[in-house]
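Chemist: What follows is run31.txt, made up of compact mmCIF, N, CA and C atoms:
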```txt
# COMPACT_ATOMS: atom_id res chain seq x y z
N MET A 254 98.97 -11.78 5.68
CA MET A 254 99.61 -10.61 6.25
C MET A 254 98.78 -10.08 7.41
N THR A 255 99.46 -9.60 8.41
CA THR A 255 98.78 -8.96 9.54
C THR A 255 99.22 -7.51 9.62
N ASN A 256 98.41 -6.70 10.26
CA ASN A 256 98.69 -5.27 10.40
C ASN A 256 98.74 -4.89 11.86
N THR A 257 99.68 -4.03 12.22
CA THR A 257 99.74 -3.48 13.57
C THR A 257 99.96 -1.98 13.47
N ALA A 258 99.42 -1.25 14.43
CA ALA A 258 99.55 0.21 14.44
C ALA A 258 100.99 0.61 14.77
N LEU A 259 101.43 1.71 14.16
CA LEU A 259 102.75 2.26 14.41
C LEU A 259 102.62 3.71 14.86
N VAL A 260 103.66 4.20 15.51
CA VAL A 260 103.73 5.61 15.86
C VAL A 260 103.92 6.39 14.57
N MET A 261 103.15 7.47 14.40
CA MET A 261 103.25 8.28 13.19
C MET A 261 104.42 9.24 13.32
N PRO A 262 105.41 9.15 12.40
CA PRO A 262 106.52 10.10 12.45
C PRO A 262 106.03 11.53 12.25
N ASP A 263 106.75 12.49 12.80
CA ASP A 263 106.34 13.89 12.74
C ASP A 263 106.19 14.39 11.31
N TYR A 264 107.13 14.03 10.41
CA TYR A 264 107.05 14.54 9.05
C TYR A 264 105.83 13.96 8.31
N VAL A 265 105.44 12.73 8.64
CA VAL A 265 104.24 12.15 8.04
C VAL A 265 103.01 12.89 8.55
N ALA A 266 102.96 13.15 9.85
CA ALA A 266 101.83 13.88 10.44
C ALA A 266 101.70 15.26 9.81
N GLU A 267 102.81 15.94 9.59
CA GLU A 267 102.76 17.28 8.99
C GLU A 267 102.25 17.23 7.55
N LEU A 268 102.70 16.25 6.78
CA LEU A 268 102.21 16.11 5.40
C LEU A 268 100.72 15.79 5.37
N VAL A 269 100.27 14.91 6.26
CA VAL A 269 98.86 14.54 6.31
C VAL A 269 98.01 15.75 6.70
N LYS A 270 98.45 16.49 7.71
CA LYS A 270 97.71 17.68 8.14
C LYS A 270 97.64 18.72 7.01
N LEU A 271 98.74 18.89 6.30
CA LEU A 271 98.77 19.83 5.18
C LEU A 271 97.76 19.42 4.11
N CYS A 272 97.72 18.16 3.77
CA CYS A 272 96.79 17.66 2.75
C CYS A 272 95.34 17.84 3.20
N VAL A 273 95.06 17.47 4.44
CA VAL A 273 93.68 17.56 4.95
C VAL A 273 93.21 19.01 4.98
N THR A 274 94.07 19.92 5.38
CA THR A 274 93.67 21.33 5.41
C THR A 274 93.55 21.90 4.00
N GLN A 275 94.38 21.44 3.06
CA GLN A 275 94.25 21.88 1.66
C GLN A 275 92.92 21.43 1.06
N LEU A 276 92.40 20.31 1.52
CA LEU A 276 91.10 19.83 1.05
C LEU A 276 89.95 20.64 1.66
N GLY A 277 90.24 21.46 2.65
CA GLY A 277 89.21 22.25 3.30
C GLY A 277 88.52 21.51 4.43
N LEU A 278 89.11 20.41 4.88
CA LEU A 278 88.53 19.65 5.98
C LEU A 278 89.08 20.16 7.30
N ASN A 279 88.26 20.06 8.34
CA ASN A 279 88.68 20.50 9.67
C ASN A 279 89.22 19.31 10.45
N LEU A 280 90.43 19.44 10.95
CA LEU A 280 91.02 18.37 11.75
C LEU A 280 90.27 18.26 13.06
N SER A 281 89.94 17.04 13.45
CA SER A 281 89.31 16.81 14.75
C SER A 281 90.39 16.83 15.81
N ASP A 282 89.94 16.84 17.07
CA ASP A 282 90.91 16.74 18.16
C ASP A 282 91.72 15.48 17.93
N GLU A 283 93.00 15.66 17.86
CA GLU A 283 93.86 14.57 17.44
C GLU A 283 94.22 13.63 18.57
N HIS A 284 94.22 12.38 18.24
CA HIS A 284 94.88 11.38 19.05
C HIS A 284 96.34 11.48 18.66
N LYS A 285 97.22 11.02 19.46
CA LYS A 285 98.65 11.19 19.17
C LYS A 285 99.05 10.65 17.80
N ASP A 286 98.58 9.47 17.44
CA ASP A 286 99.04 8.85 16.21
C ASP A 286 97.94 8.59 15.19
N VAL A 287 96.78 9.16 15.39
CA VAL A 287 95.67 9.01 14.45
C VAL A 287 95.14 10.40 14.13
N ILE A 288 95.00 10.70 12.84
CA ILE A 288 94.47 12.00 12.42
C ILE A 288 93.09 11.76 11.82
N THR A 289 92.10 12.52 12.28
CA THR A 289 90.74 12.37 11.77
C THR A 289 90.19 13.72 11.33
N ALA A 290 89.27 13.66 10.38
CA ALA A 290 88.57 14.86 9.91
C ALA A 290 87.15 14.44 9.53
N PRO A 291 86.15 15.21 9.95
CA PRO A 291 84.76 14.82 9.65
C PRO A 291 84.37 15.10 8.20
N LEU A 292 83.51 14.25 7.67
CA LEU A 292 82.90 14.42 6.35
C LEU A 292 81.39 14.38 6.54
N ARG A 293 80.69 15.43 6.12
CA ARG A 293 79.24 15.46 6.21
C ARG A 293 78.65 15.29 4.82
N TYR A 294 77.58 14.52 4.76
CA TYR A 294 76.91 14.27 3.49
C TYR A 294 75.54 14.92 3.49
N GLN A 295 74.94 15.06 2.31
CA GLN A 295 73.66 15.76 2.17
C GLN A 295 72.54 15.16 3.00
N ASP A 296 72.53 13.86 3.21
CA ASP A 296 71.44 13.25 3.97
C ASP A 296 71.64 13.37 5.48
N GLY A 297 72.69 14.07 5.92
CA GLY A 297 72.93 14.27 7.34
C GLY A 297 73.92 13.29 7.95
N THR A 298 74.36 12.31 7.21
CA THR A 298 75.31 11.33 7.71
C THR A 298 76.66 12.00 7.94
N GLU A 299 77.29 11.69 9.05
CA GLU A 299 78.63 12.20 9.32
C GLU A 299 79.59 11.02 9.44
N LEU A 300 80.54 10.99 8.54
CA LEU A 300 81.60 9.99 8.56
C LEU A 300 82.90 10.72 8.84
N SER A 301 83.98 9.98 8.98
CA SER A 301 85.28 10.60 9.25
C SER A 301 86.36 9.97 8.39
N VAL A 302 87.29 10.80 7.96
CA VAL A 302 88.52 10.30 7.35
C VAL A 302 89.45 9.99 8.50
N VAL A 303 89.99 8.78 8.53
CA VAL A 303 90.88 8.33 9.60
C VAL A 303 92.20 7.94 8.95
N ILE A 304 93.29 8.58 9.38
CA ILE A 304 94.60 8.33 8.80
C ILE A 304 95.56 7.94 9.92
N MET A 305 96.25 6.82 9.71
CA MET A 305 97.21 6.34 10.72
C MET A 305 98.32 5.55 10.04
N CYS A 306 99.43 5.39 10.74
CA CYS A 306 100.53 4.56 10.24
C CYS A 306 100.37 3.15 10.78
N MET A 307 100.77 2.19 9.96
CA MET A 307 100.69 0.80 10.37
C MET A 307 101.82 0.02 9.72
N ALA A 308 102.05 -1.17 10.23
CA ALA A 308 103.05 -2.05 9.64
C ALA A 308 102.34 -3.26 9.08
N GLN A 309 102.62 -3.56 7.82
CA GLN A 309 102.12 -4.79 7.23
C GLN A 309 103.19 -5.84 7.44
N LYS A 310 102.83 -6.90 8.13
CA LYS A 310 103.80 -7.96 8.42
C LYS A 310 103.62 -9.08 7.41
N GLY A 311 104.67 -9.33 6.68
CA GLY A 311 104.69 -10.45 5.74
C GLY A 311 105.47 -11.60 6.36
N TRP A 312 105.96 -12.48 5.52
CA TRP A 312 106.72 -13.63 6.02
C TRP A 312 108.03 -13.23 6.67
N PHE A 313 108.76 -12.32 6.06
CA PHE A 313 110.11 -12.05 6.53
C PHE A 313 110.38 -10.61 6.91
N ARG A 314 109.41 -9.72 6.73
CA ARG A 314 109.70 -8.32 7.05
C ARG A 314 108.42 -7.56 7.37
N GLU A 315 108.62 -6.41 8.01
CA GLU A 315 107.54 -5.46 8.27
C GLU A 315 107.70 -4.30 7.32
N LYS A 316 106.59 -3.89 6.73
CA LYS A 316 106.62 -2.79 5.77
C LYS A 316 105.74 -1.66 6.31
N PRO A 317 106.32 -0.48 6.61
CA PRO A 317 105.50 0.62 7.11
C PRO A 317 104.60 1.17 6.00
N MET A 318 103.35 1.45 6.36
CA MET A 318 102.35 1.95 5.42
C MET A 318 101.52 3.03 6.11
N VAL A 319 100.81 3.81 5.29
CA VAL A 319 99.84 4.78 5.80
C VAL A 319 98.45 4.24 5.43
N SER A 320 97.60 4.12 6.43
CA SER A 320 96.24 3.64 6.21
C SER A 320 95.29 4.83 6.16
N VAL A 321 94.46 4.88 5.12
CA VAL A 321 93.46 5.93 4.96
C VAL A 321 92.11 5.24 4.91
N ALA A 322 91.22 5.59 5.83
CA ALA A 322 89.91 4.96 5.87
C ALA A 322 88.83 6.02 6.02
N ILE A 323 87.65 5.69 5.52
CA ILE A 323 86.48 6.51 5.80
C ILE A 323 85.55 5.62 6.62
N ALA A 324 85.24 6.09 7.82
CA ALA A 324 84.52 5.26 8.77
C ALA A 324 83.51 6.10 9.55
N LYS A 325 82.55 5.41 10.13
CA LYS A 325 81.62 6.03 11.07
C LYS A 325 82.21 5.82 12.45
N LEU A 326 82.37 6.90 13.21
CA LEU A 326 82.96 6.83 14.54
C LEU A 326 81.90 7.03 15.60
N ASP A 327 82.05 6.34 16.74
CA ASP A 327 81.12 6.55 17.85
C ASP A 327 81.65 7.70 18.72
N ALA A 328 81.00 7.94 19.84
CA ALA A 328 81.35 9.07 20.70
C ALA A 328 82.76 8.95 21.27
N SER A 329 83.25 7.73 21.43
CA SER A 329 84.60 7.55 21.97
C SER A 329 85.66 7.47 20.87
N MET A 330 85.28 7.86 19.64
CA MET A 330 86.18 7.91 18.49
C MET A 330 86.64 6.52 18.04
N ARG A 331 85.82 5.51 18.27
CA ARG A 331 86.11 4.17 17.76
C ARG A 331 85.29 3.95 16.50
N ALA A 332 85.90 3.28 15.54
CA ALA A 332 85.21 3.01 14.28
C ALA A 332 84.13 1.96 14.50
N THR A 333 82.90 2.31 14.13
CA THR A 333 81.81 1.34 14.22
C THR A 333 81.55 0.69 12.87
N ASP A 334 81.70 1.44 11.79
CA ASP A 334 81.57 0.92 10.43
C ASP A 334 82.70 1.51 9.59
N ILE A 335 83.41 0.67 8.89
CA ILE A 335 84.44 1.14 7.96
C ILE A 335 83.89 0.98 6.56
N TYR A 336 83.74 2.10 5.86
CA TYR A 336 83.17 2.09 4.52
C TYR A 336 84.22 1.73 3.47
N LEU A 337 85.37 2.37 3.51
CA LEU A 337 86.47 2.09 2.59
C LEU A 337 87.79 2.24 3.33
N ARG A 338 88.78 1.46 2.89
CA ARG A 338 90.12 1.57 3.47
C ARG A 338 91.15 1.32 2.39
N GLU A 339 92.14 2.18 2.33
CA GLU A 339 93.25 2.06 1.38
C GLU A 339 94.55 2.14 2.17
N VAL A 340 95.58 1.53 1.64
CA VAL A 340 96.91 1.69 2.22
C VAL A 340 97.83 2.31 1.18
N MET A 341 98.74 3.12 1.66
CA MET A 341 99.69 3.83 0.80
C MET A 341 101.08 3.68 1.40
N PRO A 342 102.11 3.76 0.56
CA PRO A 342 103.47 3.75 1.12
C PRO A 342 103.72 5.01 1.95
N VAL A 343 104.55 4.87 2.95
CA VAL A 343 104.93 6.02 3.78
C VAL A 343 105.73 6.99 2.91
N PRO A 344 105.54 8.31 3.09
CA PRO A 344 106.32 9.27 2.29
C PRO A 344 107.82 9.13 2.54
N TYR A 345 108.59 9.46 1.52
CA TYR A 345 110.04 9.34 1.61
C TYR A 345 110.67 10.41 2.49
N GLY A 346 110.04 11.55 2.58
CA GLY A 346 110.59 12.64 3.36
C GLY A 346 109.57 13.75 3.52
N PRO A 347 109.94 14.83 4.19
CA PRO A 347 109.00 15.91 4.48
C PRO A 347 108.56 16.71 3.26
N SER A 348 109.17 16.50 2.10
CA SER A 348 108.78 17.24 0.91
C SER A 348 108.32 16.30 -0.21
N ASP A 349 107.71 15.19 0.15
CA ASP A 349 107.26 14.19 -0.82
C ASP A 349 105.93 14.63 -1.46
N LEU A 350 106.03 15.32 -2.60
CA LEU A 350 104.83 15.84 -3.27
C LEU A 350 103.97 14.73 -3.85
N GLN A 351 104.59 13.65 -4.29
CA GLN A 351 103.80 12.53 -4.82
C GLN A 351 102.88 11.95 -3.76
N PHE A 352 103.36 11.87 -2.52
CA PHE A 352 102.52 11.39 -1.43
C PHE A 352 101.34 12.34 -1.21
N LEU A 353 101.63 13.66 -1.21
CA LEU A 353 100.54 14.64 -1.02
C LEU A 353 99.48 14.49 -2.10
N LEU A 354 99.89 14.38 -3.35
CA LEU A 354 98.94 14.24 -4.45
C LEU A 354 98.15 12.93 -4.34
N ALA A 355 98.84 11.85 -4.01
CA ALA A 355 98.17 10.55 -3.89
C ALA A 355 97.17 10.56 -2.73
N LEU A 356 97.54 11.14 -1.60
CA LEU A 356 96.63 11.20 -0.45
C LEU A 356 95.41 12.06 -0.77
N ASN A 357 95.63 13.21 -1.38
CA ASN A 357 94.54 14.09 -1.79
C ASN A 357 93.57 13.35 -2.72
N THR A 358 94.13 12.67 -3.71
CA THR A 358 93.31 11.94 -4.67
C THR A 358 92.55 10.80 -4.00
N ASN A 359 93.22 10.06 -3.11
CA ASN A 359 92.56 8.95 -2.42
C ASN A 359 91.39 9.43 -1.56
N ILE A 360 91.59 10.49 -0.81
CA ILE A 360 90.52 10.98 0.07
C ILE A 360 89.32 11.43 -0.77
N ARG A 361 89.57 12.20 -1.83
CA ARG A 361 88.47 12.65 -2.70
C ARG A 361 87.75 11.47 -3.35
N ALA A 362 88.51 10.54 -3.91
CA ALA A 362 87.91 9.40 -4.60
C ALA A 362 87.09 8.53 -3.64
N MET A 363 87.61 8.32 -2.45
CA MET A 363 86.89 7.51 -1.46
C MET A 363 85.59 8.19 -1.03
N ALA A 364 85.67 9.49 -0.76
CA ALA A 364 84.47 10.22 -0.32
C ALA A 364 83.41 10.24 -1.42
N TRP A 365 83.83 10.46 -2.66
CA TRP A 365 82.87 10.50 -3.76
C TRP A 365 82.31 9.12 -4.07
N THR A 366 83.12 8.07 -3.93
CA THR A 366 82.64 6.70 -4.15
C THR A 366 81.57 6.35 -3.13
N ILE A 367 81.79 6.70 -1.89
CA ILE A 367 80.78 6.43 -0.85
C ILE A 367 79.51 7.22 -1.15
N ALA A 368 79.66 8.47 -1.56
CA ALA A 368 78.48 9.29 -1.89
C ALA A 368 77.67 8.64 -3.01
N ALA A 369 78.36 8.11 -4.00
CA ALA A 369 77.67 7.53 -5.16
C ALA A 369 77.07 6.16 -4.87
N THR A 370 77.76 5.36 -4.08
CA THR A 370 77.30 3.98 -3.89
C THR A 370 76.42 3.78 -2.66
N ALA A 371 76.55 4.61 -1.66
CA ALA A 371 75.77 4.41 -0.43
C ALA A 371 74.51 5.26 -0.39
N GLY A 372 74.30 6.09 -1.41
CA GLY A 372 73.09 6.91 -1.45
C GLY A 372 73.04 7.99 -0.39
N LEU A 373 74.18 8.54 -0.02
CA LEU A 373 74.23 9.57 1.02
C LEU A 373 74.10 10.98 0.48
N GLY A 374 74.14 11.14 -0.82
CA GLY A 374 74.16 12.48 -1.41
C GLY A 374 75.59 12.96 -1.49
N GLU A 375 75.78 14.20 -1.94
CA GLU A 375 77.12 14.77 -2.10
C GLU A 375 77.81 14.96 -0.76
N CYS A 376 79.14 14.92 -0.79
CA CYS A 376 79.95 15.21 0.39
C CYS A 376 80.06 16.73 0.49
N LEU A 377 79.47 17.31 1.52
CA LEU A 377 79.39 18.76 1.64
C LEU A 377 80.75 19.42 1.86
N GLU A 378 81.65 18.80 2.62
CA GLU A 378 82.96 19.40 2.87
C GLU A 378 83.77 19.50 1.59
N LEU A 379 83.74 18.48 0.77
CA LEU A 379 84.53 18.51 -0.46
C LEU A 379 83.91 19.42 -1.50
N LEU A 380 82.59 19.61 -1.47
CA LEU A 380 81.97 20.59 -2.37
C LEU A 380 82.48 21.98 -2.06
N ARG A 381 82.58 22.31 -0.77
CA ARG A 381 83.06 23.62 -0.37
C ARG A 381 84.51 23.84 -0.77
N SER A 382 85.33 22.80 -0.64
CA SER A 382 86.75 22.99 -0.91
C SER A 382 87.08 23.02 -2.39
N SER A 383 86.16 22.55 -3.27
CA SER A 383 86.49 22.53 -4.68
C SER A 383 86.08 23.83 -5.39
N ARG A 384 85.47 24.75 -4.70
CA ARG A 384 85.05 26.01 -5.32
C ARG A 384 86.19 26.95 -5.44
```
Go ahead and render the structure in this file as structure tokens.
Modeler:
Amino acid sequence: MTNTALVMPDYVAELVKLCVTQLGLNLSDEHKDVITAPLRYQDGTELSVVIMCMAQKGWFREKPMVSVAIAKLDASMRATDIYLREVMPVPYGPSDLQFLLALNTNIRAMAWTIAATAGLGECLELLRSSR
């Protein structure tokens, strides 16, 4: 299977922004179809949550998906190291609560997994939002 970037529909962007702000993360200056938010860890490392739409191409069809990654970005907002990446189905509509819950859970689990396995210490942004 191959992956290609897709334009993010408005309702998907709104759901993603809602989830990211509910987590207490600050949205970075947005690229049109990529949403990012910084994650700071206790040791001073700054990573970013990167969310975008993509198409997974199989043998006979393209399947739209939402890609959620935690990566280290350089000054030009390009990923230099990708720590974790998950794909999720695109939400069914603007009120898809299951998508919101799954995205929230994925972001938290990914950030905490990196904190535990990479020796970076706790994720400071998520500590603040869980109080």
Chemist: Counting only C-alpha atoms, which residues come within 10 Å of (91.8, 5.4, 7.2), with the point read in the file's coordinates, and could you list them as a list of chain:residue names?
Modeler: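 Final list of nearby residues, as requested, is A:Val287, A:Ile288, A:Thr289, A:Ser301, A:Val302, A:Val303, A:Ile304, A:Met305, A:Cys306, A:Val319, A:Ser320, A:Val321, A:Ala322, A:Ile323, A:Ala324, A:Ala332, A:Ile335, A:Tyr336, A:Leu337, A:Arg338, A:Glu339, A:Val340, A:Ile360.
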Chemist: Counting only C-alpha atoms, which residue out of A:Val343, A:Leu354, A:Ala258, A:Met307 sits closest to Cys272 (chain A)?
Modeler: A:Leu354
Chemist: Set the distance at 7 Å and use only C-alpha atoms: which residues neighbour Asp296 (chain A) once local chain neighbours fewer than 2 positions away are removed? I'd like the list as a ChimeraX atom specification.
Modeler: /A:294,298,373-374
Chemist: Just list as JSON, numbers by chain whatever in chain A DSSP marks as strand (DSSP E or B).
Modeler: {"A": [255, 256, 257, 258, 287, 288, 289, 290, 291, 292, 293, 294, 299, 300, 301, 302, 303, 304, 305, 306, 307, 308, 309, 310, 315, 316, 317, 318, 319, 320, 321, 322, 323, 324, 325, 326, 332, 333, 334, 335, 336, 337, 338, 339, 340, 341, 342, 376]}
Chemist: Show me, as a PyMOL selection string, the residues that have an atom within 9 Å of Asn357 (chain A) when counting only C-alpha atoms, minus same-chain residues fewer than 2 positions from it.
Modeler: chain A and resi 272-273+275-276+352-355+359-362
Chemist: When you draw a straight line from CA of Pro291 (chain A) to CA of Gln309 (chain A), how long is it in Å?
Modeler: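 Atom-to-atom, CA of Pro291 (chain A) to CA of Gln309 (chain A), that is 26.3 Å.
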Chemist: Please, what distance in Å, to one decimal, runs between atom N of Leu356 (chain A) and atom C of Lys270 (chain A)?
Modeler: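 Distance reported for this atom pair: 11.5 Å.
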Chemist: Can you measure atom C of Lys325 (chain A) to atom C of Trp365 (chain A) for me? One decimal in Å is fine.
Modeler: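 A separation of 16.8 Å between them.
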Chemist: Excluding Met261 (chain A) and any residue of its chain fewer than 3 positions from it, enumerate the residues within 6 Å of it, using only N, CA and C atoms, and give them as a PyMOL selection string.
Modeler: chain A and resi 265-266+286+306
Chemist: Would you save the residues from that selection as a PDB file, in the coordinates of the input, using N, CA and C atoms?
Modeler:
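Generated output (result34.pdb):
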```pdb
ATOM      1  N   VAL A 265     105.440  12.730   8.640  1.00  0.00           N
ATOM      2  CA  VAL A 265     104.240  12.150   8.040  1.00  0.00           C
ATOM      3  C   VAL A 265     103.010  12.890   8.550  1.00  0.00           C
ATOM      4  N   ALA A 266     102.960  13.150   9.850  1.00  0.00           N
ATOM      5  CA  ALA A 266     101.830  13.880  10.440  1.00  0.00           C
ATOM      6  C   ALA A 266     101.700  15.260   9.810  1.00  0.00           C
ATOM      7  N   ASP A 286      98.580   9.470  17.440  1.00  0.00           N
ATOM      8  CA  ASP A 286      99.040   8.850  16.210  1.00  0.00           C
ATOM      9  C   ASP A 286      97.940   8.590  15.190  1.00  0.00           C
ATOM     10  N   CYS A 306      99.430   5.390  10.740  1.00  0.00           N
ATOM     11  CA  CYS A 306     100.530   4.560  10.240  1.00  0.00           C
ATOM     12  C   CYS A 306     100.370   3.150  10.780  1.00  0.00           C
TER      13      CYS A 306
END
```
Chemist: Pick the closest to Leu350 (chain A) from A:Leu379, A:Leu326, A:Leu259, A:Val269: which is it, counting only C-alpha atoms?
Modeler: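 When distances to Leu350 (chain A) are compared using only C-alpha atoms, the smallest one comes from A:Val269.
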